[in-house]
file my_file_10.txt (compact mmCIF, C-alpha atoms and all ligand atoms)
# COMPACT_ATOMS: atom_id res chain seq x y z
CA MET A 1 -9.86 -13.42 -5.68
CA ASP A 2 -12.90 -12.80 -7.84
CA LYS A 3 -12.45 -10.75 -11.02
CA GLU A 4 -15.26 -8.43 -9.89
CA VAL A 5 -13.23 -7.38 -6.84
CA PHE A 6 -10.36 -6.22 -9.05
CA LEU A 7 -12.75 -4.34 -11.32
CA THR A 8 -14.57 -2.65 -8.42
CA ALA A 9 -11.33 -1.73 -6.65
CA ALA A 10 -9.87 -0.25 -9.84
CA LYS A 11 -13.03 1.76 -10.47
CA LYS A 12 -13.17 3.06 -6.92
CA PHE A 13 -9.51 3.79 -6.23
CA GLY A 14 -7.89 4.03 -9.68
CA THR A 15 -4.83 2.15 -10.92
CA PRO A 16 -2.20 1.11 -10.15
CA LEU A 17 -3.24 -0.11 -6.72
CA TYR A 18 -2.20 -2.72 -4.19
CA LEU A 19 -5.02 -4.98 -3.04
CA TYR A 20 -4.74 -7.35 -0.06
CA ASP A 21 -6.99 -10.32 0.67
CA LEU A 22 -7.33 -10.50 4.48
CA LYS A 23 -8.96 -13.94 4.39
CA GLU A 24 -5.95 -15.26 2.49
CA ILE A 25 -3.61 -13.85 5.17
CA GLU A 26 -5.63 -15.68 7.83
CA LYS A 27 -5.54 -18.87 5.81
CA ARG A 28 -1.79 -18.70 5.36
CA PHE A 29 -1.14 -18.08 9.03
CA GLU A 30 -3.33 -21.08 9.80
CA MET A 31 -1.24 -23.14 7.37
CA VAL A 32 1.91 -22.14 9.27
CA GLU A 33 0.31 -23.01 12.59
CA ASN A 34 -0.81 -26.40 11.28
CA THR A 35 2.64 -27.13 9.92
CA LEU A 36 4.15 -26.42 13.33
CA LEU A 37 1.54 -28.32 15.33
CA GLY A 38 3.22 -30.00 18.31
CA VAL A 39 6.13 -27.52 18.38
CA ASN A 40 6.09 -24.91 21.14
CA HIS A 41 6.50 -21.84 18.95
CA LYS A 42 5.72 -18.20 18.28
CA VAL A 43 5.57 -16.55 14.84
CA PHE A 44 6.80 -12.97 14.48
CA PHE A 45 5.81 -11.06 11.36
CA ALA A 46 8.75 -9.55 9.43
CA PHE A 47 7.71 -5.89 9.01
CA LYS A 48 10.16 -5.44 6.17
CA ALA A 49 7.88 -7.59 3.99
CA ASN A 50 4.93 -5.28 4.52
CA SER A 51 4.65 -2.47 7.04
CA ASN A 52 1.22 -1.09 6.28
CA PRO A 53 -0.08 -0.13 9.77
CA TYR A 54 -3.54 -1.61 9.15
CA LEU A 55 -2.05 -4.93 8.01
CA VAL A 56 0.49 -5.27 10.82
CA ASP A 57 -2.27 -4.49 13.31
CA PHE A 58 -4.40 -7.18 11.63
CA LEU A 59 -1.52 -9.63 12.06
CA ARG A 60 -1.06 -8.57 15.69
CA ALA A 61 -4.73 -9.33 16.31
CA LEU A 62 -4.22 -12.79 14.77
CA GLY A 63 -1.55 -13.45 17.40
CA LEU A 64 1.75 -12.79 15.62
CA GLY A 65 4.60 -10.88 17.20
CA ALA A 66 6.65 -8.24 15.36
CA ASP A 67 10.10 -8.66 13.79
CA VAL A 68 11.56 -5.21 13.14
CA VAL A 69 14.81 -4.11 11.51
CA SER A 70 14.82 -0.38 12.17
CA LEU A 71 13.86 2.09 14.84
CA ASN A 72 10.99 3.28 12.66
CA GLU A 73 9.59 -0.23 12.28
CA TYR A 74 9.94 -0.54 16.06
CA LYS A 75 8.02 2.70 16.63
CA LEU A 76 5.33 1.56 14.20
CA ALA A 77 4.99 -1.78 16.00
CA LEU A 78 4.50 0.03 19.31
CA SER A 79 2.05 2.50 17.80
CA VAL A 80 -0.27 -0.24 16.56
CA GLY A 81 -0.28 -1.95 19.93
CA PHE A 82 2.43 -4.62 19.96
CA ARG A 83 3.77 -5.00 23.49
CA THR A 84 7.55 -4.64 23.75
CA SER A 85 7.75 -8.25 24.88
CA GLU A 86 6.20 -9.30 21.53
CA ILE A 87 8.87 -7.56 19.46
CA VAL A 88 12.20 -8.88 18.24
CA VAL A 89 14.80 -6.52 16.79
CA ASN A 90 17.03 -7.54 13.89
CA GLY A 91 19.48 -5.78 11.61
CA ASN A 92 23.17 -4.98 11.32
CA GLY A 93 24.95 -1.77 12.29
CA LYS A 94 22.57 -0.83 15.11
CA THR A 95 23.79 2.36 16.77
CA THR A 96 24.33 2.82 20.50
CA ASP A 97 21.38 5.22 20.59
CA GLU A 98 19.12 2.68 18.91
CA LEU A 99 20.30 -0.07 21.26
CA LYS A 100 19.63 2.27 24.19
CA THR A 101 16.03 2.83 23.05
CA TYR A 102 15.43 -0.90 22.64
CA ALA A 103 17.03 -1.76 25.97
CA GLU A 104 15.30 1.01 27.93
CA SER A 105 11.89 -0.05 26.66
CA LYS A 106 12.69 -3.68 27.53
CA VAL A 107 12.14 -5.12 24.08
CA GLY A 108 11.55 -8.89 23.96
CA CYS A 109 14.89 -9.66 22.32
CA ILE A 110 17.65 -7.93 20.39
CA ASN A 111 19.34 -10.16 17.85
CA VAL A 112 22.94 -9.03 18.06
CA ASP A 113 24.71 -9.08 14.70
CA SER A 114 28.38 -8.71 15.65
CA LEU A 115 31.07 -8.60 18.29
CA GLU A 116 31.35 -4.88 17.59
CA GLU A 117 27.67 -4.42 18.41
CA ILE A 118 28.24 -6.03 21.82
CA ARG A 119 31.16 -3.63 22.39
CA ARG A 120 29.08 -0.54 21.71
CA PHE A 121 26.09 -1.75 23.70
CA PRO A 122 25.14 0.81 26.36
CA ASN A 123 25.49 -0.27 29.95
CA LEU A 124 21.84 -1.23 30.26
CA SER A 125 20.31 -4.61 30.84
CA ALA A 126 18.87 -6.30 27.78
CA ARG A 127 17.75 -9.68 26.52
CA ILE A 128 19.78 -10.71 23.51
CA ALA A 129 20.21 -13.51 21.02
CA ILE A 130 23.32 -13.92 18.89
CA ARG A 131 22.72 -14.13 15.15
CA ILE A 132 24.67 -17.12 13.94
CA ASN A 133 25.76 -17.33 10.33
CA PRO A 134 25.97 -21.10 9.77
CA ASN A 135 27.63 -20.85 6.32
CA VAL A 136 24.76 -22.61 4.59
CA ASP A 137 23.79 -21.95 1.00
CA ALA A 138 20.04 -21.25 0.95
CA LYS A 139 20.07 -21.78 -2.85
CA THR A 140 18.00 -18.70 -3.42
CA HIS A 141 18.78 -15.44 -5.25
CA PRO A 142 22.19 -14.07 -4.07
CA HIS A 143 20.60 -10.78 -2.96
CA ILE A 144 18.27 -12.55 -0.55
CA SER A 145 20.77 -15.14 0.63
CA THR A 146 22.06 -14.30 4.11
CA GLY A 147 23.57 -17.42 5.64
CA LEU A 148 26.88 -17.70 3.79
CA LYS A 149 30.24 -16.76 5.28
CA LYS A 150 30.57 -13.98 2.69
CA ASN A 151 27.20 -12.39 3.64
CA LYS A 152 27.15 -9.38 5.92
CA PHE A 153 24.81 -10.81 8.57
CA GLY A 154 25.59 -12.54 11.83
CA VAL A 155 28.77 -14.18 13.09
CA ASP A 156 30.47 -17.52 12.57
CA ILE A 157 30.33 -20.00 15.43
CA GLN A 158 33.91 -19.27 16.60
CA THR A 159 33.07 -15.58 17.00
CA ALA A 160 29.75 -16.48 18.65
CA SER A 161 31.70 -18.59 21.12
CA ARG A 162 33.98 -15.65 21.96
CA MET A 163 30.97 -13.38 22.35
CA ILE A 164 29.33 -15.80 24.77
CA ARG A 165 32.50 -16.13 26.87
CA ASN A 166 32.97 -12.38 27.08
CA LEU A 167 29.36 -11.28 27.43
CA PRO A 168 29.03 -8.22 29.68
CA SER A 169 26.93 -8.89 32.76
CA ASN A 170 24.17 -6.46 31.68
CA LEU A 171 23.35 -8.66 28.67
CA LYS A 172 21.36 -11.83 29.13
CA LEU A 173 21.76 -14.42 26.40
CA VAL A 174 18.22 -15.76 26.01
CA GLY A 175 18.46 -17.28 22.56
CA LEU A 176 20.31 -17.97 19.34
CA HIS A 177 19.13 -16.59 16.03
CA CYS A 178 19.65 -17.80 12.50
CA HIS A 179 18.11 -16.58 9.23
CA ILE A 180 19.75 -18.03 6.14
CA GLY A 181 17.77 -16.26 3.44
CA SER A 182 14.42 -15.63 1.86
CA GLN A 183 12.30 -17.44 -0.74
CA ILE A 184 13.75 -20.84 0.20
CA THR A 185 11.80 -23.66 -1.40
CA ASN A 186 14.05 -26.59 -0.54
CA ILE A 187 14.11 -27.91 3.02
CA SER A 188 17.71 -29.12 3.05
CA PRO A 189 19.32 -25.69 3.75
CA PHE A 190 17.00 -25.33 6.74
CA MET A 191 18.00 -28.77 7.98
CA ASP A 192 21.72 -28.03 7.56
CA ALA A 193 21.39 -24.75 9.44
CA PHE A 194 19.36 -26.20 12.31
CA ARG A 195 21.79 -29.09 12.66
CA SER A 196 24.68 -26.65 13.10
CA LEU A 197 22.68 -24.66 15.63
CA LYS A 198 21.90 -27.76 17.64
CA ASP A 199 25.56 -28.87 17.58
CA PHE A 200 26.66 -25.43 18.70
CA ILE A 201 24.19 -25.37 21.60
CA GLU A 202 25.45 -28.76 22.76
CA GLU A 203 29.13 -27.87 22.38
CA GLU A 204 28.65 -24.67 24.35
CA ASN A 205 26.28 -26.32 26.80
CA LEU A 206 23.90 -23.39 26.49
CA ASN A 207 20.79 -23.00 28.54
CA LEU A 208 18.49 -20.90 26.37
CA GLU A 209 14.89 -19.72 26.57
CA PHE A 210 14.32 -20.19 22.83
CA ILE A 211 15.80 -20.63 19.39
CA ASN A 212 14.90 -18.12 16.69
CA ILE A 213 15.06 -19.77 13.26
CA GLY A 214 14.23 -16.65 11.23
CA GLY A 215 11.98 -16.73 8.18
CA GLY A 216 12.58 -17.67 4.58
CA TRP A 217 9.67 -19.94 3.69
CA GLY A 218 9.37 -19.68 -0.09
CA ILE A 219 6.14 -19.19 -2.01
CA ASP A 220 4.90 -20.50 -5.35
CA TYR A 221 5.53 -17.44 -7.53
CA GLU A 222 5.36 -19.43 -10.75
CA HIS A 223 2.08 -21.14 -9.82
CA ASN A 224 3.55 -24.52 -10.66
CA GLY A 225 3.48 -26.08 -7.19
CA LYS A 226 7.16 -25.37 -6.49
CA GLY A 227 6.87 -23.24 -3.33
CA LEU A 228 8.07 -24.61 0.01
CA ASN A 229 6.41 -27.96 0.53
CA VAL A 230 4.96 -27.59 4.03
CA ARG A 231 4.12 -31.29 4.26
CA ASN A 232 7.77 -32.07 3.68
CA TYR A 233 8.76 -29.39 6.20
CA ARG A 234 6.41 -30.91 8.75
CA GLU A 235 7.78 -34.38 8.15
CA LYS A 236 11.52 -33.60 8.07
CA VAL A 237 12.15 -30.24 9.74
CA VAL A 238 9.56 -30.16 12.50
CA PRO A 239 11.12 -33.14 14.36
CA MET A 240 14.41 -31.19 14.42
CA LEU A 241 12.59 -28.19 15.87
CA ARG A 242 11.02 -30.34 18.58
CA ASN A 243 14.45 -31.72 19.30
CA PHE A 244 15.74 -28.28 20.32
CA GLY A 245 13.81 -28.85 23.53
CA VAL A 246 13.00 -25.16 23.91
CA PRO A 247 10.37 -22.94 22.23
CA VAL A 248 11.07 -21.99 18.62
CA HIS A 249 10.57 -18.47 17.28
CA LEU A 250 10.02 -17.82 13.57
CA GLU A 251 10.19 -14.55 11.65
CA LEU A 252 8.01 -15.04 8.60
CA GLY A 253 7.17 -12.36 6.06
CA ARG A 254 6.77 -13.54 2.49
CA PHE A 255 4.96 -16.79 3.26
CA ILE A 256 2.30 -15.08 5.35
CA ILE A 257 1.48 -12.12 3.14
CA GLY A 258 3.08 -12.55 -0.29
CA PRO A 259 0.27 -14.48 -2.03
CA ALA A 260 -2.38 -12.28 -0.38
CA GLY A 261 -1.30 -9.18 -2.33
CA TYR A 262 -2.19 -8.13 -5.89
CA LEU A 263 -1.03 -5.19 -7.97
CA VAL A 264 -3.89 -4.05 -10.18
CA THR A 265 -2.80 -2.12 -13.23
CA GLN A 266 -4.26 -0.75 -16.44
CA VAL A 267 -2.96 -1.24 -19.97
CA LYS A 268 -1.90 2.05 -21.53
CA GLU A 269 -0.62 0.76 -24.87
CA VAL A 270 0.00 -2.44 -26.74
CA LYS A 271 3.03 -1.87 -28.91
CA THR A 272 4.46 -4.14 -31.58
CA THR A 273 7.99 -3.70 -32.92
CA ALA A 274 9.82 -5.74 -35.54
CA LEU A 275 11.18 -7.95 -32.76
CA LYS A 276 8.68 -8.01 -29.91
CA ASN A 277 5.33 -7.18 -28.40
CA PHE A 278 5.19 -4.82 -25.44
CA VAL A 279 2.23 -4.39 -23.14
CA VAL A 280 2.73 -1.02 -21.48
CA VAL A 281 0.92 -0.70 -18.15
CA ASP A 282 0.57 2.03 -15.54
CA ALA A 283 2.40 0.03 -12.84
CA SER A 284 6.18 0.04 -13.02
CA MET A 285 9.42 -0.84 -11.26
CA SER A 286 8.74 2.06 -8.89
CA ASP A 287 5.68 0.15 -7.62
CA LEU A 288 7.19 -3.34 -7.78
CA ILE A 289 10.96 -3.56 -8.14
CA ARG A 290 11.38 -7.30 -7.66
CA PRO A 291 11.38 -8.25 -11.38
CA SER A 292 13.97 -5.55 -12.19
CA LEU A 293 16.07 -6.09 -9.08
CA TYR A 294 16.10 -9.87 -8.76
CA ASN A 295 14.80 -10.92 -12.14
CA ALA A 296 11.91 -12.23 -10.07
CA TYR A 297 8.95 -13.94 -11.68
CA HIS A 298 5.45 -12.69 -10.89
CA HIS A 299 2.41 -14.27 -12.45
CA ILE A 300 0.44 -11.73 -14.50
CA LYS A 301 -3.08 -12.07 -15.83
CA PHE A 302 -4.97 -9.65 -18.04
CA LEU A 303 -8.70 -9.53 -17.63
CA SER A 304 -9.16 -9.84 -21.38
CA ASN A 305 -10.60 -12.67 -23.42
CA ASP A 306 -8.51 -12.43 -26.53
CA SER A 307 -6.02 -14.69 -28.26
CA GLN A 308 -2.65 -15.39 -26.66
CA ILE A 309 0.48 -13.40 -27.42
CA VAL A 310 4.02 -13.40 -26.12
CA ALA A 311 5.05 -10.00 -24.81
CA ASP A 312 7.14 -8.08 -22.34
CA VAL A 313 4.92 -6.37 -19.77
CA VAL A 314 6.60 -3.05 -19.05
CA GLY A 315 5.99 0.13 -17.12
CA ARG A 316 6.28 3.69 -18.37
CA LEU A 317 9.50 4.73 -16.63
CA CYS A 318 12.47 6.02 -18.55
CA GLU A 319 14.53 2.90 -17.90
CA SER A 320 14.93 -0.23 -20.02
CA GLY A 321 14.95 -2.32 -16.85
CA ASP A 322 11.39 -1.22 -16.08
CA ILE A 323 9.96 -4.66 -16.73
CA LEU A 324 7.27 -6.59 -14.86
CA ALA A 325 7.39 -9.71 -17.04
CA LYS A 326 9.63 -10.79 -19.89
CA ASP A 327 8.61 -12.87 -22.93
CA ARG A 328 5.42 -13.85 -21.19
CA LYS A 329 2.54 -15.71 -22.80
CA ILE A 330 -0.57 -13.69 -21.95
CA SER A 331 -4.04 -13.15 -23.31
CA LYS A 332 -3.71 -10.18 -25.65
CA PRO A 333 -5.04 -7.09 -23.89
CA LYS A 334 -6.19 -3.80 -25.37
CA THR A 335 -5.64 -0.31 -24.06
CA GLY A 336 -7.81 0.26 -21.01
CA ASP A 337 -7.94 -3.42 -19.93
CA LEU A 338 -6.95 -4.35 -16.42
CA GLY A 339 -4.05 -6.59 -15.53
CA VAL A 340 -3.27 -8.22 -12.20
CA VAL A 341 0.23 -8.95 -10.93
CA TYR A 342 0.11 -11.77 -8.35
CA ASP A 343 1.98 -12.50 -5.12
CA VAL A 344 3.07 -8.93 -4.42
CA GLY A 345 1.98 -8.76 -0.77
CA ALA A 346 5.58 -9.07 0.46
CA TYR A 347 8.46 -6.81 -0.61
CA GLY A 348 6.10 -4.98 -2.95
CA TYR A 349 4.96 -1.67 -1.54
CA THR A 350 7.77 -1.63 1.05
CA MET A 351 10.35 -1.54 -1.76
CA SER A 352 8.52 1.07 -3.86
CA SER A 353 10.11 4.38 -4.82
CA ASN A 354 9.49 7.77 -6.39
CA TYR A 355 11.75 7.06 -9.37
CA ASN A 356 10.76 9.31 -12.31
CA LEU A 357 8.64 11.10 -9.71
CA SER A 358 6.22 8.21 -9.69
CA LEU A 359 3.69 8.50 -6.93
CA ARG A 360 3.15 5.47 -4.74
CA PRO A 361 -0.15 3.66 -5.34
CA PRO A 362 -2.90 3.29 -2.76
CA GLU A 363 -3.28 0.14 -0.67
CA VAL A 364 -6.68 -1.45 -0.24
CA ALA A 365 -7.76 -4.35 1.99
CA PHE A 366 -10.57 -6.75 1.11
CA ASP A 367 -12.22 -8.66 3.96
CA GLY A 368 -14.35 -10.92 1.76
CA GLU A 369 -17.14 -8.37 1.55
CA LYS A 370 -15.89 -4.82 1.66
CA LEU A 371 -12.98 -2.88 0.25
CA LYS A 372 -11.18 -0.59 2.66
CA LEU A 373 -8.63 2.05 1.73
CA ILE A 374 -5.69 1.50 4.08
CA ARG A 375 -3.27 3.95 2.48
CA ARG A 376 -4.22 6.69 0.05
CA ARG A 377 -2.41 7.36 -3.19
CA GLU A 378 0.64 9.57 -2.78
CA THR A 379 0.43 13.07 -4.26
CA LEU A 380 3.14 15.24 -5.78
CA GLU A 381 2.58 17.58 -2.84
CA ASP A 382 3.46 14.73 -0.42
CA VAL A 383 6.77 14.28 -2.21
CA VAL A 384 7.85 17.89 -2.71
CA ARG A 385 6.84 18.84 0.84
CA LEU A 386 10.14 17.35 1.99
CA CYS A 387 12.06 19.76 -0.23
CA LYS A 388 10.69 22.93 1.36
CA TYR A 389 12.94 24.55 3.95
CA PRO A 390 11.09 27.59 5.31
CA GLU A 391 13.87 28.14 7.90
CA ASN A 392 16.53 28.73 5.18
C1 LIG B 401 16.40 -11.44 9.87
C2 LIG B 401 15.24 -11.72 9.00
N1 LIG B 401 14.19 -12.34 9.51
C3 LIG B 401 13.09 -12.60 8.76
C4 LIG B 401 13.02 -12.25 7.43
C5 LIG B 401 11.79 -12.57 6.67
O1 LIG B 401 12.04 -13.41 5.63
P1 LIG B 401 10.87 -14.01 4.75
O2 LIG B 401 10.06 -12.87 4.25
O3 LIG B 401 11.55 -14.73 3.68
O4 LIG B 401 10.07 -14.92 5.62
C6 LIG B 401 14.12 -11.62 6.85
C7 LIG B 401 14.10 -11.27 5.42
O5 LIG B 401 15.04 -11.30 4.71
C8 LIG B 401 15.26 -11.32 7.66
O6 LIG B 401 16.33 -10.70 7.14

call {"tool": "encode", "arguments": {"input": "my_file_10.txt", "output": "structure tokens"}}
result
Amino acid sequence: MDKEVFLTAAKKFGTPLYLYDLKEIEKRFEMVENTLLGVNHKVFFAFKANSNPYLVDFLRALGLGADVVSLNEYKLALSVGFRTSEIVVNGNGKTTDELKTYAESKVGCINVDSLEEIRRFPNLSARIAIRINPNVDAKTHPHISTGLKKNKFGVDIQTASRMIRNLPSNLKLVGLHCHIGSQITNISPFMDAFRSLKDFIEEENLNLEFINIGGGWGIDYEHNGKGLNVRNYREKVVPMLRNFGVPVHLELGRFIIGPAGYLVTQVKEVKTTALKNFVVVDASMSDLIRPSLYNAYHHIKFLSNDSQIVADVVGRLCESGDILAKDRKISKPKTGDLGVVYDVGAYGYTMSSNYNLSLRPPEVAFDGEKLKLIRRRETLEDVVRLCKYPEN
């Protein structure tokens, strides 16, 4: 993205702000499609990564389906025009009422998370997949690892077997689902998981419409070429996918939209203590919690041409953990300069909060020519409106 775009966006909409490059989203989807060439497949976009209505509609128009994990994400998917058949529902602890809504509207597939969920399923017909937990270590951050026995998602193969044998007649088993974690950069956990799935299908002699292999493709946060190697994936994993012999569904979030998002922020102070340098910016953990929550690395660049310093880039919240980058070598900015935090398109805005009564930043899309405001900045009125109870 050109420096001028950041400067213009900041001038027009103020900082901090989220900026999305639509051309980059298209390019990344194309990369996924090329990687999977020769595999009968469908990609569903994981709304949890980014649920801006304009962006999910843009992805719908590109041909992706919707992967939702809550009734509200489901309603949003419908409201922007996804057909129910293009939606897959995930998540644990779904209530009977939620299951009823999904089943009544004939959603494409409900990924059932437990035996208990089957038991509380309303007596309505539905298309389901069972979420298998293959006990594979995705070798990613523990908070975004989901495929180990100790994780809360899915069921082990023995339980899946019991579920299949005792499936009520209103439920049609159309697929198996497996999502072992997010930000996976090594192909071997994928291969281990898909091998177990294939073995299970053969042992159970299942006749399925598709296999859903979840998401998890990792991106190159550190800009050192260590994201998921799609050439390697194509060479080693794609033959396994073909070998399933049925269409493959994917639920990708981060890989599609992560690198297309930028958080533009302004320097408010450059502070030097006896021990360290701090660059204090107007974005904070309330805008982007990943560094504080997962110790995640995000590349940061200041649009300044000064000498290099090593500094912590921090927000202005009353919390020591309010850090965007630690001990980072950066070009020394001055108050008023702009900084750009990279790769924030996924799990950025969707994980934002009002901590310290921070107001959520605006979201802006760039189509290569024009900037378009796709969510305005939150106001204090927006936030306190929820605290007014005229009926009391
Ligand atoms: C069930 C499921 N599917 C898909 C995704 C998307 O993962 P990613 O953004 O890593 O592609 C997630 C995220 O954790 C998930 O839990």

call {"tool": "residues_near_ligand", "arguments": {"input": "my_file_10.txt", "ligand": "ligand LIG 401 (chain B)", "cutoff": "9 Å", "atoms": "all atoms listed in the file", "output": "PyMOL selection string"}}
result
chain A and resi 44-49+67-69+89-91+111+131+144-146+153+177-184+213-218+250-258+346-347

call {"tool": "write_last_selection", "arguments": {"input": "my_file_10.txt", "atoms": "C-alpha atoms", "output": "CSV table (one decimal), in the frame of the given file"}}
result
chain,number,residue,atom,x,y,z
A,44,PHE,CA,6.8,-13.0,14.5
A,45,PHE,CA,5.8,-11.1,11.4
A,46,ALA,CA,8.8,-9.6,9.4
A,47,PHE,CA,7.7,-5.9,9.0
A,48,LYS,CA,10.2,-5.4,6.2
A,49,ALA,CA,7.9,-7.6,4.0
A,67,ASP,CA,10.1,-8.7,13.8
A,68,VAL,CA,11.6,-5.2,13.1
A,69,VAL,CA,14.8,-4.1,11.5
A,89,VAL,CA,14.8,-6.5,16.8
A,90,ASN,CA,17.0,-7.5,13.9
A,91,GLY,CA,19.5,-5.8,11.6
A,111,ASN,CA,19.3,-10.2,17.8
A,131,ARG,CA,22.7,-14.1,15.2
A,144,ILE,CA,18.3,-12.6,-0.6
A,145,SER,CA,20.8,-15.1,0.6
A,146,THR,CA,22.1,-14.3,4.1
A,153,PHE,CA,24.8,-10.8,8.6
A,177,HIS,CA,19.1,-16.6,16.0
A,178,CYS,CA,19.6,-17.8,12.5
A,179,HIS,CA,18.1,-16.6,9.2
A,180,ILE,CA,19.8,-18.0,6.1
A,181,GLY,CA,17.8,-16.3,3.4
A,182,SER,CA,14.4,-15.6,1.9
A,183,GLN,CA,12.3,-17.4,-0.7
A,184,ILE,CA,13.8,-20.8,0.2
A,213,ILE,CA,15.1,-19.8,13.3
A,214,GLY,CA,14.2,-16.6,11.2
A,215,GLY,CA,12.0,-16.7,8.2
A,216,GLY,CA,12.6,-17.7,4.6
A,217,TRP,CA,9.7,-19.9,3.7
A,218,GLY,CA,9.4,-19.7,-0.1
A,250,LEU,CA,10.0,-17.8,13.6
A,251,GLU,CA,10.2,-14.6,11.6
A,252,LEU,CA,8.0,-15.0,8.6
A,253,GLY,CA,7.2,-12.4,6.1
A,254,ARG,CA,6.8,-13.5,2.5
A,255,PHE,CA,5.0,-16.8,3.3
A,256,ILE,CA,2.3,-15.1,5.4
A,257,ILE,CA,1.5,-12.1,3.1
A,258,GLY,CA,3.1,-12.6,-0.3
A,346,ALA,CA,5.6,-9.1,0.5
A,347,TYR,CA,8.5,-6.8,-0.6

call {"tool": "closest_residue", "arguments": {"input": "my_file_10.txt", "among": "A:Lys139, A:Ile289, A:Asn207, A:Gln266", "to": "Thr335 in chain A", "atoms": "all atoms listed in the file"}}
result
A:Gln266

call {"tool": "closest_residue", "arguments": {"input": "my_file_10.txt", "among": "A:Leu171, A:Val80, A:Ile323, A:Leu37", "to": "Phe58 in chain A", "atoms": "only C-alpha atoms"}}
result
A:Val80

call {"tool": "closest_residue", "arguments": {"input": "my_file_10.txt", "among": "A:Asn40, A:Leu293, A:Arg28, A:Ala274", "to": "Phe210 in chain A", "atoms": "only C-alpha atoms"}}
result
A:Asn40

call {"tool": "closest_residue", "arguments": {"input": "my_file_10.txt", "among": "A:Thr101, A:Ser114, A:Asn186, A:Asn224", "to": "Met163 in chain A", "atoms": "all atoms listed in the file"}}
result
A:Ser114

call {"tool": "closest_residue", "arguments": {"input": "my_file_10.txt", "among": "A:Leu167, A:Ile330, A:Leu62, A:Val237", "to": "Ser307 in chain A", "atoms": "only C-alpha atoms"}}
result
A:Ile330

call {"tool": "residues_around", "arguments": {"input": "my_file_10.txt", "residues": "His41 in chain A", "least_positions_apart": "6", "cutoff": "10 Å", "atoms": "all atoms listed in the file", "output": "PyMOL selection string"}}
result
chain A and resi 33+210-212+241-242+246-250
